[in-house]
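*Asks:* structure-v9.txt is the file, holding compact mmCIF, C-alpha atoms:
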# COMPACT_ATOMS: atom_id res chain seq x y z
CA THR R 1 5.66 -20.33 5.28
CA LEU R 2 2.29 -20.06 7.01
CA VAL R 3 0.96 -17.83 4.23
CA CYS R 4 2.09 -20.06 1.36
CA ALA R 5 1.65 -23.49 2.91
CA GLY R 6 -0.20 -22.94 6.16
CA GLU R 7 -2.55 -25.88 5.81
CA LEU R 8 0.36 -28.27 5.21
CA VAL R 9 2.38 -26.84 8.10
CA MET R 10 -0.47 -26.96 10.60
CA ALA R 11 -1.37 -30.51 9.53
CA GLU R 12 2.21 -31.60 10.26
CA ALA R 13 2.16 -29.83 13.62
CA LYS R 14 -1.05 -31.62 14.55
CA LYS R 15 0.32 -34.95 13.33
CA TYR R 16 3.35 -34.73 15.64
CA GLY R 17 1.68 -32.87 18.51
CA ALA R 18 3.97 -29.89 17.99
CA GLU R 19 3.13 -26.40 19.25
CA ILE R 20 4.01 -23.48 16.99
CA VAL R 21 4.99 -20.48 19.10
CA PRO R 22 4.74 -17.20 17.16
CA VAL R 23 7.46 -14.55 17.23
CA ASP R 24 5.73 -11.75 15.29
CA SER R 25 4.49 -9.14 17.76
CA GLU R 26 0.81 -9.37 16.75
CA HIS R 27 0.61 -13.14 16.85
CA SER R 28 2.62 -13.27 20.06
CA ALA R 29 0.11 -10.84 21.58
CA ILE R 30 -2.80 -13.07 20.58
CA PHE R 31 -0.93 -16.14 21.83
CA GLN R 32 -0.47 -14.46 25.22
CA CYS R 33 -4.09 -13.30 25.40
CA LEU R 34 -5.27 -16.85 24.73
CA MET R 35 -3.15 -18.43 27.48
CA GLY R 36 -5.66 -20.19 29.71
CA ALA R 37 -8.58 -18.89 27.66
CA GLY R 38 -10.37 -22.23 27.55
CA GLU R 39 -12.10 -23.50 24.42
CA LYS R 40 -12.05 -22.02 20.94
CA ARG R 41 -15.81 -21.50 21.03
CA GLU R 42 -15.20 -18.79 23.66
CA ILE R 43 -13.43 -16.61 21.06
CA ARG R 44 -15.59 -14.15 19.13
CA ARG R 45 -12.76 -12.63 17.10
CA LEU R 46 -9.06 -11.82 16.95
CA ILE R 47 -8.16 -8.16 16.43
CA LEU R 48 -4.80 -7.48 14.80
CA THR R 49 -3.54 -3.95 15.30
CA CYS R 50 -1.69 -1.94 12.67
CA SER R 51 0.12 1.39 12.88
CA GLY R 52 -1.16 2.40 9.46
CA GLY R 53 2.40 2.91 8.23
CA PRO R 54 4.00 6.12 6.97
CA PHE R 55 1.15 6.96 4.57
CA PHE R 56 -1.74 6.94 7.00
CA GLY R 57 -4.17 9.71 6.05
CA LYS R 58 -2.74 10.32 2.58
CA SER R 59 -5.14 10.56 -0.33
CA ALA R 60 -5.13 8.19 -3.31
CA GLU R 61 -3.71 11.03 -5.41
CA GLU R 62 -0.87 11.65 -2.95
CA LEU R 63 0.04 7.94 -2.92
CA LYS R 64 0.81 8.10 -6.65
CA SER R 65 3.89 10.24 -6.04
CA VAL R 66 5.34 8.87 -2.79
CA THR R 67 9.00 7.87 -2.90
CA LYS R 68 11.02 4.94 -1.61
CA ALA R 69 12.48 7.17 1.11
CA ASP R 70 8.96 8.16 2.18
CA ALA R 71 7.83 4.52 2.32
CA LEU R 72 10.83 3.46 4.41
CA ARG R 73 10.08 6.05 7.10
CA HIS R 74 7.99 3.91 9.45
CA PRO R 75 6.57 5.92 12.38
CA ASN R 76 7.19 3.38 15.16
CA TRP R 77 9.20 0.31 14.19
CA LYS R 78 12.74 -0.15 12.90
CA MET R 79 12.62 -3.04 10.41
CA GLY R 80 14.19 -4.23 7.17
CA PRO R 81 13.17 -2.57 3.89
CA LYS R 82 10.88 -5.32 2.59
CA ILE R 83 8.63 -5.55 5.64
CA THR R 84 8.65 -1.75 6.00
CA ILE R 85 7.24 -1.40 2.47
CA ASP R 86 4.68 -4.11 3.29
CA CYS R 87 3.62 -2.00 6.27
CA ALA R 88 3.24 1.02 4.00
CA THR R 89 0.93 -0.87 1.60
CA LEU R 90 -0.79 -2.75 4.50
CA MET R 91 0.15 -5.99 2.73
CA ASN R 92 1.95 -7.00 5.91
CA LYS R 93 -1.32 -6.89 7.82
CA GLY R 94 -3.02 -8.92 5.11
CA LEU R 95 -0.35 -11.61 5.42
CA GLU R 96 -0.78 -11.54 9.19
CA VAL R 97 -4.52 -12.13 8.81
CA ILE R 98 -3.72 -15.30 6.84
CA GLU R 99 -1.17 -16.39 9.45
CA ALA R 100 -3.57 -15.79 12.34
CA MET R 101 -6.28 -17.83 10.68
CA ARG R 102 -3.82 -20.70 10.16
CA LEU R 103 -2.28 -20.52 13.64
CA TYR R 104 -5.53 -20.39 15.56
CA GLY R 105 -7.81 -22.40 13.26
CA LEU R 106 -10.41 -19.67 12.87
CA PRO R 107 -12.39 -18.60 9.79
CA VAL R 108 -11.42 -15.30 8.21
CA GLU R 109 -14.67 -13.73 9.48
CA GLN R 110 -13.23 -13.97 13.01
CA VAL R 111 -10.01 -12.09 12.23
CA ASP R 112 -10.22 -8.29 12.08
CA VAL R 113 -7.76 -5.41 11.70
CA LEU R 114 -7.75 -2.03 13.43
CA ILE R 115 -5.45 0.93 12.85
CA HIS R 116 -3.67 1.80 16.11
CA ARG R 117 -1.19 4.57 15.42
CA GLN R 118 0.72 4.29 18.69
CA SER R 119 1.78 0.60 18.29
CA ILE R 120 1.33 0.04 22.03
CA VAL R 121 -1.55 -2.46 21.90
CA HIS R 122 -0.02 -5.25 19.83
CA SER R 123 -3.27 -7.17 19.31
CA MET R 124 -6.46 -8.17 21.11
CA VAL R 125 -8.88 -11.04 21.56
CA GLU R 126 -12.60 -10.44 21.97
CA PHE R 127 -14.53 -13.22 23.70
CA VAL R 128 -18.17 -14.18 23.24
CA ASP R 129 -19.21 -12.65 26.57
CA GLY R 130 -17.96 -9.22 25.44
CA ALA R 131 -14.66 -9.20 27.34
CA VAL R 132 -11.61 -8.03 25.41
CA MET R 133 -8.04 -8.94 26.34
CA ALA R 134 -5.11 -6.95 24.96
CA GLN R 135 -1.35 -7.29 25.17
CA LEU R 136 0.49 -3.98 25.54
CA GLY R 137 4.15 -3.06 25.41
CA THR R 138 6.69 -0.78 23.80
CA PRO R 139 7.17 -1.34 20.04
CA ASP R 140 10.26 -3.49 20.52
CA MET R 141 10.67 -6.93 18.93
CA ARG R 142 12.86 -8.14 21.79
CA LEU R 143 9.70 -8.68 23.86
CA PRO R 144 7.93 -11.26 21.63
CA ILE R 145 11.25 -12.86 20.63
CA ALA R 146 12.27 -13.37 24.26
CA TYR R 147 8.84 -14.75 25.14
CA ALA R 148 9.07 -17.31 22.32
CA LEU R 149 12.67 -18.31 23.07
CA ALA R 150 11.85 -18.81 26.75
CA CYS R 151 8.98 -21.15 25.84
CA SER R 152 6.19 -18.81 26.94
CA THR R 153 7.83 -17.82 30.23
CA ARG R 154 9.42 -14.56 31.41
CA PRO R 155 12.79 -15.43 33.00
CA TRP R 156 14.57 -12.20 32.04
CA ASP R 157 14.18 -8.84 33.73
CA ARG R 158 13.59 -5.76 31.56
CA VAL R 159 14.05 -7.22 28.09
CA ALA R 160 12.96 -3.89 26.53
CA PRO R 161 12.19 -0.37 27.77
CA ARG R 162 9.25 -0.40 30.13
CA LEU R 163 5.92 1.03 29.03
CA SER R 164 4.66 4.09 30.89
CA LEU R 165 0.92 4.42 30.35
CA ALA R 166 0.94 7.70 32.24
CA ASP R 167 3.11 9.17 29.46
CA MET R 168 0.68 8.07 26.74
CA ALA R 169 -1.39 11.00 25.52
CA ALA R 170 -3.99 8.66 23.98
CA LEU R 171 -4.50 5.20 22.51
CA THR R 172 -6.62 5.43 19.36
CA PHE R 173 -8.26 2.85 17.09
CA GLU R 174 -10.04 3.07 13.74
CA GLU R 175 -11.02 0.96 10.76
CA PRO R 176 -8.46 0.65 7.92
CA ASP R 177 -9.17 2.31 4.56
CA THR R 178 -9.10 -0.60 2.11
CA GLU R 179 -9.88 1.63 -0.88
CA ARG R 180 -6.65 3.57 -0.54
CA PHE R 181 -4.75 0.49 0.68
CA PRO R 182 -6.26 -2.43 -1.29
CA CYS R 183 -3.43 -4.85 -0.48
CA LEU R 184 -5.18 -5.60 2.81
CA THR R 185 -8.16 -7.01 0.92
CA LEU R 186 -5.93 -9.52 -0.87
CA ALA R 187 -5.78 -11.58 2.32
CA ARG R 188 -9.56 -11.97 2.29
CA LEU R 189 -9.39 -12.91 -1.39
CA ALA R 190 -6.69 -15.48 -0.70
CA LEU R 191 -8.65 -17.07 2.11
CA ASP R 192 -11.93 -17.08 0.19
CA SER R 193 -10.25 -18.70 -2.84
CA GLY R 194 -8.00 -21.04 -0.85
CA GLY R 195 -5.60 -23.41 -2.56
CA ASN R 196 -2.50 -21.78 -4.03
CA THR R 197 -3.89 -18.22 -4.06
CA ALA R 198 -1.97 -17.01 -0.99
CA CYS R 199 1.24 -18.43 -2.44
CA VAL R 200 0.71 -16.40 -5.64
CA ILE R 201 0.02 -13.20 -3.70
CA ASN R 202 3.08 -13.64 -1.51
CA ALA R 203 5.44 -14.35 -4.42
CA ALA R 204 4.16 -11.54 -6.64
CA ASN R 205 4.31 -9.08 -3.74
CA GLU R 206 7.95 -9.94 -3.02
CA VAL R 207 8.86 -9.28 -6.64
CA ALA R 208 6.84 -6.05 -6.76
CA VAL R 209 8.31 -4.69 -3.52
CA ASP R 210 11.83 -5.44 -4.75
CA ALA R 211 11.04 -3.59 -7.98
CA PHE R 212 9.74 -0.58 -6.02
CA LEU R 213 12.87 -0.57 -3.85
CA HIS R 214 14.95 -0.48 -7.07
CA ASP R 215 12.86 2.40 -8.49
CA ALA R 216 11.43 0.19 -11.26
CA ILE R 217 7.74 0.81 -10.42
CA PRO R 218 5.80 3.40 -8.40
CA PHE R 219 4.26 2.61 -5.02
CA THR R 220 0.74 2.13 -6.40
CA ALA R 221 1.98 -0.44 -8.95
CA ILE R 222 2.76 -2.92 -6.16
CA TYR R 223 -0.92 -3.80 -5.82
CA SER R 224 -1.58 -3.82 -9.58
CA THR R 225 1.39 -6.16 -10.13
CA VAL R 226 0.06 -8.62 -7.55
CA ILE R 227 -3.54 -8.62 -8.74
CA ASP R 228 -2.51 -8.96 -12.39
CA THR R 229 -0.22 -11.88 -11.57
CA LEU R 230 -3.00 -13.58 -9.63
CA GLY R 231 -5.26 -13.46 -12.69
CA ARG R 232 -2.68 -15.25 -14.85
CA ILE R 233 -2.04 -18.37 -12.76
CA ALA R 234 -4.19 -21.49 -12.71
CA HIS R 235 -5.93 -22.15 -9.42
CA ILE R 236 -5.12 -25.38 -7.54
CA ASP R 237 -7.63 -26.31 -4.84
CA SER R 238 -5.50 -28.67 -2.73
CA PRO R 239 -1.86 -28.03 -3.64
CA THR R 240 0.97 -30.29 -2.58
CA LEU R 241 4.31 -28.85 -1.50
CA ASP R 242 5.62 -29.42 -5.04
CA ASP R 243 2.57 -27.59 -6.44
CA LEU R 244 3.31 -24.63 -4.18
CA ARG R 245 6.97 -24.56 -5.19
CA ALA R 246 5.92 -24.50 -8.84
CA THR R 247 3.29 -21.83 -8.15
CA ASN R 248 5.86 -19.70 -6.34
CA ALA R 249 8.30 -19.88 -9.29
CA GLU R 250 5.57 -19.19 -11.86
CA ALA R 251 4.19 -16.22 -9.93
CA ARG R 252 7.64 -14.65 -9.63
CA ALA R 253 8.26 -15.08 -13.35
CA ILE R 254 4.91 -13.55 -14.32
CA ALA R 255 5.29 -10.65 -11.87
CA THR R 256 8.72 -9.92 -13.35
CA GLN R 257 7.19 -9.90 -16.86
CA ASN R 258 4.45 -7.54 -15.64
CA ILE R 259 7.06 -5.12 -14.31
CA LYS R 260 9.04 -5.20 -17.56
CA ARG R 261 5.84 -4.54 -19.49
CA TYR R 262 5.00 -1.66 -17.14
CA ASN R 263 8.39 -0.06 -17.80
CA THR R 264 7.94 -0.47 -21.54
CA LEU R 265 4.55 1.27 -21.44
CA HIS R 266 5.73 4.05 -19.11
Could you express the structure from this file as structure tokens?

*Replies:*
Amino acid sequence: TLVCAGELVMAEAKKYGAEIVPVDSEHSAIFQCLMGAGEKREIRRLILTCSGGPFFGKSAEELKSVTKADALRHPNWKMGPKITIDCATLMNKGLEVIEAMRLYGLPVEQVDVLIHRQSIVHSMVEFVDGAVMAQLGTPDMRLPIAYALACSTRPWDRVAPRLSLADMAALTFEEPDTERFPCLTLARLALDSGGNTACVINAANEVAVDAFLHDAIPFTAIYSTVIDTLGRIAHIDSPTLDDLRATNAEARAIATQNIKRYNTLH
């Protein structure tokens, strides 16, 4: 919802004075780091962390032959198939960049991504004075869900297994490889273009991931399906909700045609 219609959603929240409390682990981490942080001008950037998925370190040539079973083997999290594939392509992190920008009202230049293989640091906030705050915990969704349900309080004891930093061999961070995983760059494209672009990307990706899960396209065709669909849909600068519904339907139809054409050619 925040990816496809974030501007509309946040405008409604502002209109009614409603607070949107995130459940996703990365956005919950940022939300917690910003508690009592003061003014927005104190924030230099948000840093979303990413495990890198099951294909971290694989070459572009190796990615051409990965299987559905390979892609569903996430190193740290147990999730449904769609989001697990999004983690493998790094599309999930691209969508989270869009969500973070919407939730916290920051330009895309102030939202970064770092690969953190251990999934212990769930995200960070860097402030203008150089201080960095991070939220750490075991990779367990019960923690951010409980925090959201309890309205940003901690009434329950031991919601998830406790984190033992002494047992951590190392916590590592590095820049993502957007050449091998170009889906991450689609978020930047969506935010630079604005309008209905993010809606197109989201819809086409859902169709492409479903096709991959049904063995209709290879892993690398997920990105090509999305980018081709994006080039076939008229841009709308300030879409209404009806415009976004129409865009969503059109993008799904075109992505489906792209996949059928792919199968005919291959």

*Asks:* Restricting the calculation to only C-alpha atoms: of R:Ser164, R:Ser59, R:Ser119, R:Ser193, which residue gets closest to Phe181 (chain R)?

*Replies:*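 Looking only at the distances to Phe181 (chain R), the closest residue turns out to be R:Ser59.
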
*Asks:* Which residue, R:His27, R:Thr229, R:Ala169, R:Arg102, has the smallest gap to Ala13 (chain R) when you use all atoms listed in the file?

*Replies:*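 Of the candidates, the smallest distance to Ala13 (chain R) is held by R:Arg102.
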
*Asks:* When you draw a straight line from CA of Asn205 (chain R) to CA of Glu109 (chain R), how long is it in Å?

*Replies:*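 One can read the CA of Asn205 (chain R) to CA of Glu109 (chain R) distance as 23.6 Å.
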
*Asks:* How would you write as a PyMOL selection string the residues that get within 6 Å of (1.4, -5.5, 22.4) in the file's frame, counting all atoms listed in the file?

*Replies:* chain R and resi 29+120-123+135-137

*Asks:* List the neighbours of Asp129 (chain R) out to 12 Å using only C-alpha atoms; skip same-chain residues closer than 3 positions along the sequence, and give me the result as a PyMOL selection string.

*Replies:* chain R and resi 41-45+125-126+132-133

*Asks:* List every residue of region 29-109 of chain R that has an atom at most 7 Å from any atom of region 218-227 of chain R, and for each one report the closest atom pair and its distance in Å to one decimal, counting only C-alpha atoms, with rows sorted by chain and then by increasing residue number, as a tab-separated table.

*Replies:*
residue	atom	partner	partner_atom	distance
R:Leu63	CA	R:Thr220	CA	6.8
R:Lys64	CA	R:Thr220	CA	6.0
R:Val66	CA	R:Phe219	CA	6.7

*Asks:* Select, from R:Val23, R:Leu95, R:Leu2, R:Leu184, the residue with the minimum atom-to-atom distance to Leu114 (chain R), counting all atoms listed in the file.

*Replies:*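 Looking at the shortest contact to Leu114 (chain R), the residue is R:Leu184.
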
*Asks:* I need the residue nearest Pro182 (chain R) from this list: R:Lys93, R:Lys82, R:His235, R:His74. Use all atoms listed in the file for the distance.

*Replies:*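 Among the listed residues, R:Lys93 lies closest to Pro182 (chain R).
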
*Asks:* Quick check, in Å to one decimal: how far apart do CA of Phe56 (chain R) and CA of Ala71 (chain R) lie?

*Replies:*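 Separating CA of Phe56 (chain R) from CA of Ala71 (chain R) is a distance of 10.9 Å.
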
*Asks:* Return as JSON the box centre and box size in Å, one decimal, for an axis-aligned box around all listed atoms of region 80-98 of chain R padded by 3 Å per side.

*Replies:*
{"center_x": 4.8, "center_y": -7.1, "center_z": 5.4, "size_x": 24.7, "size_y": 22.3, "size_z": 13.6}

*Asks:* Pick out the residues sitting within 12 Å of Leu90 (chain R), and hand them over as a PyMOL selection string; count all atoms listed in the file, and ignore anything fewer than 3 positions along from it in its own chain.

*Replies:* chain R and resi 49-56+71+83-87+93-97+113-115+176-187+205+222-223

*Asks:* From the list R:Ala198, R:Ala211, R:Met168, R:Val159, which residue is nearest Ala255 (chain R) when using only C-alpha atoms?

*Replies:*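 Closest to Ala255 (chain R), using only C-alpha atoms: R:Ala211.
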
*Asks:* Mind pulling up the distance from CA of Ala160 (chain R) to CA of Asp140 (chain R)?

*Replies:*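 CA of Ala160 (chain R) lies at a distance of 6.6 Å from CA of Asp140 (chain R).
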
*Asks:* Using all atoms listed in the file, which residue out of R:Leu34, R:Cys199, R:Leu213, R:Ala148 lies closest to Thr67 (chain R)?

*Replies:*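 Comparing R:Leu34, R:Cys199, R:Leu213, R:Ala148 against Thr67 (chain R), the winner is R:Leu213.
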
*Asks:* I need every residue sitting at most 10 Å from the point (-4.3, -15.5, -11.8) (coordinates as in the file, all atoms listed in the file considered), written as a list in words.

*Replies:*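 Those residues, ordered by chain and then number, are Thr197, Val200, Ile201, Val226, Ile227, Asp228, Thr229, Leu230, Gly231, Arg232, Ile233, Ala234, His235, Ala251 and Ile254 of chain R.
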
*Asks:* For Arg245 (chain R), list every protein, DNA or RNA residue within 12 Å, evaluated using all atoms listed in the file, and leave out those in the same chain fewer than 4 positions away; present the list as a list of chain:residue names.

*Replies:*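 That gives R:Thr1, R:Cys4, R:Ala5, R:Asn196, R:Cys199, R:Val200, R:Ala203, R:Pro239, R:Thr240, R:Leu241, R:Ala249, R:Glu250, R:Ala251, R:Arg252.
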
*Asks:* Selected residues, C-alpha atoms, written as a PDB file, in the frame of the given file, please.

*Replies:*
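Result file is selection23.pdb:
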ATOM      1  CA  THR R   1       5.660 -20.330   5.280  1.00  0.00           C
ATOM      2  CA  CYS R   4       2.090 -20.060   1.360  1.00  0.00           C
ATOM      3  CA  ALA R   5       1.650 -23.490   2.910  1.00  0.00           C
ATOM      4  CA  ASN R 196      -2.500 -21.780  -4.030  1.00  0.00           C
ATOM      5  CA  CYS R 199       1.240 -18.430  -2.440  1.00  0.00           C
ATOM      6  CA  VAL R 200       0.710 -16.400  -5.640  1.00  0.00           C
ATOM      7  CA  ALA R 203       5.440 -14.350  -4.420  1.00  0.00           C
ATOM      8  CA  PRO R 239      -1.860 -28.030  -3.640  1.00  0.00           C
ATOM      9  CA  THR R 240       0.970 -30.290  -2.580  1.00  0.00           C
ATOM     10  CA  LEU R 241       4.310 -28.850  -1.500  1.00  0.00           C
ATOM     11  CA  ALA R 249       8.300 -19.880  -9.290  1.00  0.00           C
ATOM     12  CA  GLU R 250       5.570 -19.190 -11.860  1.00  0.00           C
ATOM     13  CA  ALA R 251       4.190 -16.220  -9.930  1.00  0.00           C
ATOM     14  CA  ARG R 252       7.640 -14.650  -9.630  1.00  0.00           C
TER      15      ARG R 252
END
